[in-house]
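Here's work15.txt, which has compact mmCIF, C-alpha atoms:
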# COMPACT_ATOMS: atom_id res chain seq x y z
CA MET A 18 3.07 19.10 -17.31
CA ALA A 19 5.65 21.63 -16.14
CA ARG A 20 8.45 20.26 -13.97
CA ARG A 21 11.23 22.77 -14.47
CA ASN A 22 12.03 26.03 -12.77
CA ASP A 23 10.19 28.01 -15.45
CA LEU A 24 6.99 26.85 -13.75
CA TYR A 25 7.79 29.08 -10.78
CA TYR A 26 8.54 32.10 -12.96
CA ASN A 27 5.39 31.55 -15.02
CA LEU A 28 3.31 31.46 -11.83
CA GLY A 29 5.02 34.51 -10.32
CA MET A 30 6.64 32.57 -7.48
CA PRO A 31 10.24 32.44 -6.30
CA PRO A 32 12.05 29.56 -8.03
CA VAL A 33 13.62 26.50 -6.43
CA ASP A 34 16.67 24.77 -7.88
CA GLY A 35 15.04 21.42 -8.44
CA PRO A 36 12.25 19.55 -10.19
CA LEU A 37 8.72 18.73 -9.06
CA ASP A 38 9.23 14.97 -9.22
CA PHE A 39 7.02 13.58 -6.44
CA THR A 40 3.42 13.26 -5.30
CA LEU A 41 2.06 13.10 -1.75
CA CYS A 42 -1.53 12.12 -0.95
CA PHE A 43 -3.44 12.24 2.31
CA LEU A 44 -6.27 9.71 2.32
CA THR A 45 -9.07 10.36 4.79
CA ARG A 46 -11.92 8.46 6.42
CA GLY A 47 -13.92 10.93 8.46
CA ASP A 48 -11.56 12.51 11.00
CA GLN A 49 -8.80 9.97 10.35
CA VAL A 50 -5.88 10.20 7.94
CA LEU A 51 -3.95 7.24 6.53
CA MET A 52 -0.29 7.70 7.43
CA LEU A 53 2.85 5.82 6.42
CA HIS A 54 5.67 5.26 8.92
CA ARG A 55 8.65 5.64 6.56
CA ARG A 56 11.40 3.02 6.43
CA LYS A 57 13.50 4.94 3.89
CA ALA A 58 15.02 8.40 3.54
CA PRO A 59 13.94 11.07 3.36
CA ASN A 60 12.10 11.32 6.66
CA ARG A 61 13.02 7.80 7.75
CA GLY A 62 11.27 6.90 11.01
CA LEU A 63 8.60 9.60 10.68
CA TRP A 64 4.95 9.41 9.65
CA ASN A 65 3.94 10.87 6.27
CA GLY A 66 1.22 10.63 3.66
CA VAL A 67 1.56 8.16 0.78
CA GLY A 68 3.25 8.98 -2.50
CA GLY A 69 6.45 8.80 -4.44
CA HIS A 70 8.31 9.52 -7.68
CA LEU A 71 6.55 10.43 -10.87
CA GLU A 72 7.29 8.10 -13.77
CA PRO A 73 8.62 9.67 -17.03
CA GLY A 74 5.73 11.30 -18.90
CA GLU A 75 3.27 10.67 -16.07
CA SER A 76 0.95 13.46 -14.97
CA PRO A 77 0.95 14.38 -11.27
CA LEU A 78 -2.63 13.13 -10.86
CA ALA A 79 -1.89 9.81 -12.57
CA GLY A 80 1.23 9.43 -10.41
CA CYS A 81 -0.79 10.09 -7.27
CA LEU A 82 -3.43 7.48 -8.16
CA ARG A 83 -0.73 4.92 -9.03
CA GLU A 84 1.25 5.55 -5.83
CA VAL A 85 -1.88 5.24 -3.66
CA TRP A 86 -2.61 1.86 -5.27
CA GLU A 87 0.98 0.63 -4.96
CA GLU A 88 1.48 1.76 -1.34
CA THR A 89 -1.98 1.00 0.10
CA GLY A 90 -3.78 -1.45 -2.18
CA LEU A 91 -6.66 1.06 -2.41
CA SER A 92 -7.96 2.15 -5.79
CA ILE A 93 -9.18 5.75 -5.80
CA PRO A 94 -10.94 7.13 -8.89
CA ALA A 95 -9.84 10.73 -8.29
CA ALA A 96 -7.93 13.00 -5.94
CA ARG A 97 -8.19 16.71 -5.16
CA PHE A 98 -5.12 18.80 -5.98
CA GLY A 99 -4.11 20.70 -2.84
CA GLY A 100 -0.97 22.50 -3.95
CA LEU A 101 2.80 22.22 -4.09
CA VAL A 102 5.38 21.64 -1.39
CA THR A 103 8.84 22.90 -2.30
CA TRP A 104 12.05 22.79 -0.28
CA GLU A 105 15.70 23.74 -0.20
CA GLY A 106 18.49 22.85 2.22
CA PHE A 107 16.80 19.60 3.28
CA GLU A 108 18.33 16.10 3.51
CA PHE A 109 17.11 15.61 -0.07
CA PRO A 110 18.16 17.84 -3.03
CA PRO A 111 16.05 20.96 -3.65
CA GLY A 112 12.78 20.27 -5.39
CA GLY A 113 9.13 19.77 -4.78
CA LEU A 114 6.03 17.64 -4.87
CA TYR A 115 2.38 17.80 -5.80
CA LEU A 116 -0.06 17.54 -2.87
CA PHE A 117 -3.37 15.69 -3.08
CA THR A 118 -6.19 14.56 -0.83
CA ALA A 119 -8.82 11.89 -1.36
CA GLU A 120 -11.53 10.12 0.57
CA ALA A 121 -10.40 6.51 1.04
CA PRO A 122 -12.74 3.83 -0.27
CA PRO A 123 -13.88 1.02 2.02
CA GLY A 124 -11.49 -1.86 2.43
CA GLU A 125 -8.35 -2.86 4.20
CA VAL A 126 -5.04 -1.23 3.40
CA THR A 127 -2.06 -3.37 2.44
CA GLY A 128 1.48 -2.03 2.57
CA ASP A 129 4.17 -2.50 -0.04
CA GLY A 130 7.28 -2.39 2.13
CA GLU A 131 7.67 1.41 2.16
CA GLY A 132 6.58 1.41 5.79
CA ASP A 133 3.75 0.60 8.17
CA LEU A 134 0.32 2.07 7.44
CA ALA A 135 -2.04 3.28 10.16
CA TRP A 136 -5.14 5.45 10.48
CA ARG A 137 -4.42 8.46 12.71
CA TRP A 138 -6.66 11.22 14.05
CA ARG A 139 -6.25 14.59 12.32
CA GLY A 140 -5.23 16.28 15.58
CA TRP A 141 -2.37 13.80 15.94
CA VAL A 142 -1.28 14.36 12.33
CA PHE A 143 -1.29 18.14 12.90
CA SER A 144 0.79 18.03 16.09
CA SER A 145 2.73 14.83 16.76
CA PRO A 146 6.55 15.07 16.80
CA GLN A 147 6.46 11.63 15.11
CA VAL A 148 5.04 13.25 11.95
CA VAL A 149 7.21 14.95 9.30
CA GLY A 150 7.50 18.47 10.74
CA ASN A 151 6.34 20.53 7.78
CA ILE A 152 3.05 18.59 7.67
CA HIS A 153 2.02 20.48 10.83
CA LEU A 154 2.24 23.69 8.80
CA PHE A 155 0.32 22.71 5.66
CA ALA A 156 -2.00 19.81 6.57
CA PRO A 157 -4.60 21.81 8.51
CA LEU A 158 -5.24 24.02 5.45
CA LEU A 159 -4.92 21.13 3.00
CA LEU A 160 -7.32 18.85 4.84
CA ALA A 161 -9.80 21.69 5.40
CA GLY A 162 -10.14 21.94 1.60
CA ALA A 163 -8.33 25.26 1.15
CA ALA A 164 -7.58 26.43 -2.37
CA PRO A 165 -4.30 25.04 -3.74
CA ARG A 166 -1.22 26.83 -2.44
CA ARG A 167 2.54 26.57 -2.69
CA TYR A 168 4.12 25.78 0.67
CA HIS A 169 7.85 26.48 0.58
CA PHE A 170 10.28 25.31 3.27
CA ALA A 171 13.91 26.34 3.67
CA TYR A 172 16.19 24.34 5.98
CA ARG A 173 19.65 24.92 7.39
CA ASP A 174 21.61 22.38 9.43
CA GLY A 175 18.59 20.09 9.60
CA ARG A 176 16.27 22.78 10.96
CA LEU A 177 13.42 24.64 9.32
CA VAL A 178 14.46 28.30 9.12
CA VAL A 179 11.66 29.79 7.03
CA HIS A 180 8.40 28.75 5.44
CA THR A 181 6.17 30.71 3.11
CA VAL A 182 2.73 30.18 1.61
CA HIS A 183 1.76 31.49 -1.83
CA PRO A 184 -1.57 31.12 -3.65
CA LEU A 185 -1.49 29.15 -6.88
CA PRO A 186 -3.21 30.45 -10.00
CA PRO A 187 -5.97 28.31 -11.49
CA GLN A 188 -4.05 27.66 -14.74
CA LEU A 189 -1.73 25.16 -13.02
CA ARG A 190 -2.81 21.74 -14.34
CA VAL A 191 -2.07 18.35 -12.78
CA GLU A 192 -4.12 16.03 -15.05

Final structure tokens representation of the file:
Amino acid sequence: MARRNDLYYNLGMPPVDGPLDFTLCFLTRGDQVLMLHRRKAPNRGLWNGVGGHLEPGESPLAGCLREVWEETGLSIPAARFGGLVTWEGFEFPPGGLYLFTAEAPPGEVTGDGEGDLAWRWRGWVFSSPQVVGNIHLFAPLLLAGAAPRRYHFAYRDGRLVVHTVHPLPPQLRVE
């Protein structure tokens, strides 16, 4: 599992000064997406997918499955890799995360204190000002099943100033 800047060079993408240390998963049930209303920084007070830090030695996929279980109480057997989100100039140090999607199994969700969980319509996720802003830019492609991409976001003074989308080569592994 590559987590350092050499990953970007090896994939022919501009580098970011930071590690890929997080996962983010969007669980779906039909046209609804499970969202987490964050109680902690970054993005405190906004709605986001579920995810978190990778543990030492943990693969991105294993981290995604673990975080889904911890934050929702749902056990998913697999998740689809949807790409990378990278950032610079944000309220959090430069870095990135691995994006995933999965169909949610039946059952009730139970939170773990990270925030409130709620099922939201895709249209709301794609447009609401209550949702983390960059989700509006990548979620429509992600949830439509597009090939994995790198979505890069650069911020200045708390505002998004540029975003780019790059295809990812198939040799990138998340298992």

Give me the residues within 9 Å of Met52 of chain A as an NGL selection string, counting only C-alpha atoms and dropping any in the same chain fewer than 6 places off. :A and (43-44 or 64-67 or 133-137 or 142 or 148)

Under the rule that all atoms listed in the file are counted, which of A:Pro146, A:Gly128, A:Asn151, A:Gly113 is the nearest residue to Leu101 of chain A?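 Among A:Pro146, A:Gly128, A:Asn151, A:Gly113, it is A:Gly113 that comes nearest to Leu101 of chain A.
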
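Summary of the local environment: counting all atoms listed in the file, residues at most 10 Å from Pro77 of chain A, other than itself and those fewer than 3 positions away along its chain, are A:Met18, A:Ala19, A:Arg20, A:Leu37, A:Asp38, A:Phe39, A:Thr40, A:Leu41, A:His70, A:Leu71, A:Glu72, A:Gly74, A:Gly80, A:Cys81, A:Leu82, A:Arg83, A:Phe98, A:Leu114, A:Tyr115, A:Leu116, A:Phe117, A:Arg190, A:Val191, A:Glu192.
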
Output file for the selection above: C-alpha atoms, as a tab-separated table (two decimals), keeping the file's coordinate frame:
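Output contents, as saved in again01.tsv:
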chain	number	residue	atom	x	y	z
A	18	MET	CA	3.07	19.10	-17.31
A	19	ALA	CA	5.65	21.63	-16.14
A	20	ARG	CA	8.45	20.26	-13.97
A	37	LEU	CA	8.72	18.73	-9.06
A	38	ASP	CA	9.23	14.97	-9.22
A	39	PHE	CA	7.02	13.58	-6.44
A	40	THR	CA	3.42	13.26	-5.30
A	41	LEU	CA	2.06	13.10	-1.75
A	70	HIS	CA	8.31	9.52	-7.68
A	71	LEU	CA	6.55	10.43	-10.87
A	72	GLU	CA	7.29	8.10	-13.77
A	74	GLY	CA	5.73	11.30	-18.90
A	80	GLY	CA	1.23	9.43	-10.41
A	81	CYS	CA	-0.79	10.09	-7.27
A	82	LEU	CA	-3.43	7.48	-8.16
A	83	ARG	CA	-0.73	4.92	-9.03
A	98	PHE	CA	-5.12	18.80	-5.98
A	114	LEU	CA	6.03	17.64	-4.87
A	115	TYR	CA	2.38	17.80	-5.80
A	116	LEU	CA	-0.06	17.54	-2.87
A	117	PHE	CA	-3.37	15.69	-3.08
A	190	ARG	CA	-2.81	21.74	-14.34
A	191	VAL	CA	-2.07	18.35	-12.78
A	192	GLU	CA	-4.12	16.03	-15.05

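Closest approach to Tyr172 of chain A among A:Gly99, A:Phe107, A:His153, A:Asp129 is made by A:Phe107 (distances from all atoms listed in the file).
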
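Atom to atom, atom CA of Val182 of chain A and atom CA of Arg167 of chain A stand 5.6 Å apart.
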
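For the set A:Gly69, A:Gln188, A:Ala164, A:Leu154, the residue with the smallest atom-to-atom gap to Lys57 of chain A is A:Gly69, counting all atoms listed in the file.
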
Could you tell me which of A:Leu78, A:Leu177, A:Val149, A:Ala121 comes closest to Arg61 of chain A if we count only C-alpha atoms?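 Of all the options, A:Val149 lies closest to Arg61 of chain A.
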
Residue nearest Arg46 of chain A - candidates A:Pro123, A:Pro184, A:Gly175, A:Pro157, atoms counted: only C-alpha atoms: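 Between A:Pro123, A:Pro184, A:Gly175, A:Pro157, the residue approaching Arg46 of chain A most closely is A:Pro123.
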
In the coordinates of the file, take the point (6.8, -1.8, 1.8) and a cut-off of 12 Å; then, counting all atoms listed in the file, name each qualifying protein, DNA or RNA residue as a PyMOL selection string. chain A and resi 53-57+67+84+87-90+126-134

I'd like the interatomic distance between atom CA of Leu158 of chain A and atom CA of Glu125 of chain A, to a tenth of an Å. 27.1 Å

Between A:Gly62, A:Ser92, A:Ser145, A:Glu108, single out the one closest to Arg176 of chain A, counting all atoms listed in the file.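 Looking at the shortest contact to Arg176 of chain A, the residue is A:Glu108.
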
Sel. within 7 Å of pt (9.1, 24.5, 0.3), counting all atoms listed in the file, output as a list in words: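 Using all atoms listed in the file, the matching residues come out as Val102, Thr103, Trp104, Glu105, Gly113, Tyr168, His169, Phe170, Ala171 and His180 of chain A.
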
Would you mind exporting the chosen residues as an mmCIF file, in the frame of the given file, restricted to C-alpha atoms?
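Result went into out-v2.cif, see below:
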data_model
loop_
_atom_site.group_PDB
_atom_site.id
_atom_site.type_symbol
_atom_site.label_atom_id
_atom_site.label_comp_id
_atom_site.auth_asym_id
_atom_site.auth_seq_id
_atom_site.Cartn_x
_atom_site.Cartn_y
_atom_site.Cartn_z
ATOM 1 C CA VAL A 102 5.380 21.640 -1.390
ATOM 2 C CA THR A 103 8.840 22.900 -2.300
ATOM 3 C CA TRP A 104 12.050 22.790 -0.280
ATOM 4 C CA GLU A 105 15.700 23.740 -0.200
ATOM 5 C CA GLY A 113 9.130 19.770 -4.780
ATOM 6 C CA TYR A 168 4.120 25.780 0.670
ATOM 7 C CA HIS A 169 7.850 26.480 0.580
ATOM 8 C CA PHE A 170 10.280 25.310 3.270
ATOM 9 C CA ALA A 171 13.910 26.340 3.670
ATOM 10 C CA HIS A 180 8.400 28.750 5.440
#

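Pairwise distance (atom CA of Gly47 of chain A, atom CA of Pro186 of chain A) equals 28.9 Å.
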